[in-house]
Amino acid sequence: VQVVESGGGLVQPGGSLRLSCAASGFTFRSYHMHWYRQAPGKERELVATITSAGGYTNYADSVKGRFTISRVNDKNTVYLQMSNLKPEDTAVYYCSASLGLRTYWGQGTQVTVSS
């Protein structure tokens with residue numbers, strides 16, 4: 001099983017980034033997908049969720065209206081489009097796949113929002 005995030009980097013406040021998460025080794029289309037983030041000294045928090053078929057999404061209040069989660073099941077990939085980024089969005093962003101009690105995690109990608 002592999003879950004690999006990419007697309008992080010340094011961006012100025014107000015800028016945009018798109019994170020990608022490529023999965024393999026499991027039946028991607030059966031799993032709900034999530035983006036989490038963890039800032040230094042803080043607990044990991046759930047940022048966004050998309051159900052297996054993509055029909056339902058949910059977001060943390062802090063990112064509603066700025067972030068969009070999407071998935072392409074034929075490509076085994078989930079995305080997080082982030083806009084109007086703020087310094088408080090600085091964190092390591094993790095992708096995870098869940099089905100019942102089974103969860104797979106990626107290693108994370110750093111997003112830094114700074115001028």
# chains A, B, ... in the order shown; residues from 1 in each chain; ligands from 1
>>> residues_around(residues="Asn58 (chain A)", least_positions_apart="2", cutoff="12 Å", atoms="only C-alpha atoms", output="list in words")
His32, Met33, His34, Trp35, Leu46, Val47, Ala48, Thr49, Ile50, Thr51, Gly54, Gly55, Tyr56, Ala60, Asp61, Ser62, Val63, Lys64, Gly65, Phe67, Thr68, Ile69 and Ser70 of chain A
>>> select_by_dssp(residues="chain A", states="helix (DSSP H, G or I)", output="ChimeraX atom specification")
/A:28-30,73-75,87-89
>>> closest_residue(among="A:Leu85, A:Ala97, A:Val72, A:Ala22", to="Leu10 (chain A)", atoms="only C-alpha atoms")
A:Leu85
>>> select_by_dssp(residues="region 32-93 of chain A", states="strand (DSSP E)", output="MDAnalysis selection string")
chainID A and resid 32:38 45:50 57:59 67:72 77:82 91:93
>>> closest_residue(among="A:Ser16, A:Ser24, A:Ser6, A:Ser30", to="Arg66 (chain A)", atoms="only C-alpha atoms")
A:Ser16
>>> atom_distance(atom1="CA of Gly106 (chain A)", atom2="CA of Asn76 (chain A)")
13.8 Å
>>> residues_around(residues="region 87-96 of chain A", least_positions_apart="6", cutoff="6 Å", atoms="only C-alpha atoms", output="ChimeraX atom specification")
/A:33-39,104-106,108-114
>>> closest_residue(among="A:Gly25, A:Gly14, A:Arg71, A:Ser83", to="Val1 (chain A)", atoms="only C-alpha atoms")
A:Gly25
>>> residues_around(residues="Gly7 (chain A)", least_positions_apart="4", cutoff="10 Å", atoms="only C-alpha atoms", output="ChimeraX atom specification")
/A:17-21,79-80,109-111
>>> write_last_selection(atoms="all heavy atoms", output="short mmCIF file (atom, residue, chain, number, x, y, z; two decimals), in the first residue's frame")
data_model
loop_
_atom_site.label_atom_id
_atom_site.label_comp_id
_atom_site.auth_asym_id
_atom_site.auth_seq_id
_atom_site.Cartn_x
_atom_site.Cartn_y
_atom_site.Cartn_z
N LEU A 17 -2.44 26.81 -3.80
CA LEU A 17 -1.68 25.58 -4.05
C LEU A 17 -2.67 24.46 -4.28
O LEU A 17 -3.79 24.49 -3.75
CB LEU A 17 -0.82 25.20 -2.83
CG LEU A 17 0.54 25.85 -2.62
CD1 LEU A 17 1.14 25.34 -1.32
CD2 LEU A 17 1.48 25.58 -3.78
N ARG A 18 -2.24 23.46 -5.05
CA ARG A 18 -3.04 22.25 -5.20
C ARG A 18 -2.20 21.06 -4.75
O ARG A 18 -1.14 20.79 -5.32
CB ARG A 18 -3.51 22.04 -6.64
CG ARG A 18 -4.50 20.87 -6.72
CD ARG A 18 -5.06 20.66 -8.10
NE ARG A 18 -4.15 19.92 -8.96
CZ ARG A 18 -4.54 19.23 -10.02
NH1 ARG A 18 -5.83 19.18 -10.35
NH2 ARG A 18 -3.64 18.62 -10.77
N LEU A 19 -2.69 20.38 -3.74
CA LEU A 19 -2.05 19.16 -3.27
C LEU A 19 -2.65 17.96 -3.99
O LEU A 19 -3.85 17.94 -4.28
CB LEU A 19 -2.24 19.00 -1.76
CG LEU A 19 -1.78 20.15 -0.88
CD1 LEU A 19 -1.98 19.79 0.59
CD2 LEU A 19 -0.35 20.52 -1.16
N SER A 20 -1.80 16.99 -4.25
CA SER A 20 -2.24 15.73 -4.86
C SER A 20 -1.88 14.58 -3.93
O SER A 20 -0.89 14.65 -3.20
CB SER A 20 -1.59 15.52 -6.22
OG SER A 20 -1.91 16.55 -7.11
N CYS A 21 -2.67 13.53 -4.02
CA CYS A 21 -2.40 12.32 -3.24
C CYS A 21 -2.66 11.13 -4.14
O CYS A 21 -3.79 10.89 -4.55
CB CYS A 21 -3.30 12.28 -2.02
SG CYS A 21 -3.26 10.71 -1.12
N TYR A 79 -7.33 15.24 -4.57
CA TYR A 79 -6.72 16.56 -4.63
C TYR A 79 -7.26 17.44 -3.51
O TYR A 79 -8.36 17.25 -3.02
CB TYR A 79 -7.03 17.23 -5.97
CG TYR A 79 -6.61 16.44 -7.17
CD1 TYR A 79 -7.50 15.61 -7.84
CD2 TYR A 79 -5.29 16.50 -7.63
CE1 TYR A 79 -7.11 14.88 -8.95
CE2 TYR A 79 -4.90 15.77 -8.74
CZ TYR A 79 -5.82 14.96 -9.39
OH TYR A 79 -5.42 14.23 -10.47
N LEU A 80 -6.46 18.44 -3.15
CA LEU A 80 -6.92 19.50 -2.28
C LEU A 80 -6.50 20.82 -2.91
O LEU A 80 -5.32 21.15 -2.91
CB LEU A 80 -6.35 19.37 -0.87
CG LEU A 80 -6.90 20.37 0.14
CD1 LEU A 80 -8.38 20.07 0.42
CD2 LEU A 80 -6.10 20.33 1.45
N THR A 109 3.09 16.36 3.27
CA THR A 109 3.78 17.36 2.46
C THR A 109 3.66 18.71 3.17
O THR A 109 2.59 19.06 3.67
CB THR A 109 3.20 17.42 1.03
OG1 THR A 109 3.98 18.31 0.22
CG2 THR A 109 1.75 17.87 0.99
N GLN A 110 4.77 19.43 3.21
CA GLN A 110 4.82 20.69 3.95
C GLN A 110 4.21 21.82 3.13
O GLN A 110 4.57 22.01 1.96
CB GLN A 110 6.26 21.03 4.33
CG GLN A 110 6.43 22.38 5.00
CD GLN A 110 5.89 22.39 6.42
OE1 GLN A 110 6.15 21.47 7.20
NE2 GLN A 110 5.15 23.44 6.78
N VAL A 111 3.34 22.58 3.77
CA VAL A 111 2.80 23.81 3.17
C VAL A 111 3.17 24.96 4.11
O VAL A 111 2.86 24.92 5.30
CB VAL A 111 1.27 23.74 3.01
CG1 VAL A 111 0.72 25.10 2.58
CG2 VAL A 111 0.89 22.67 1.99
#
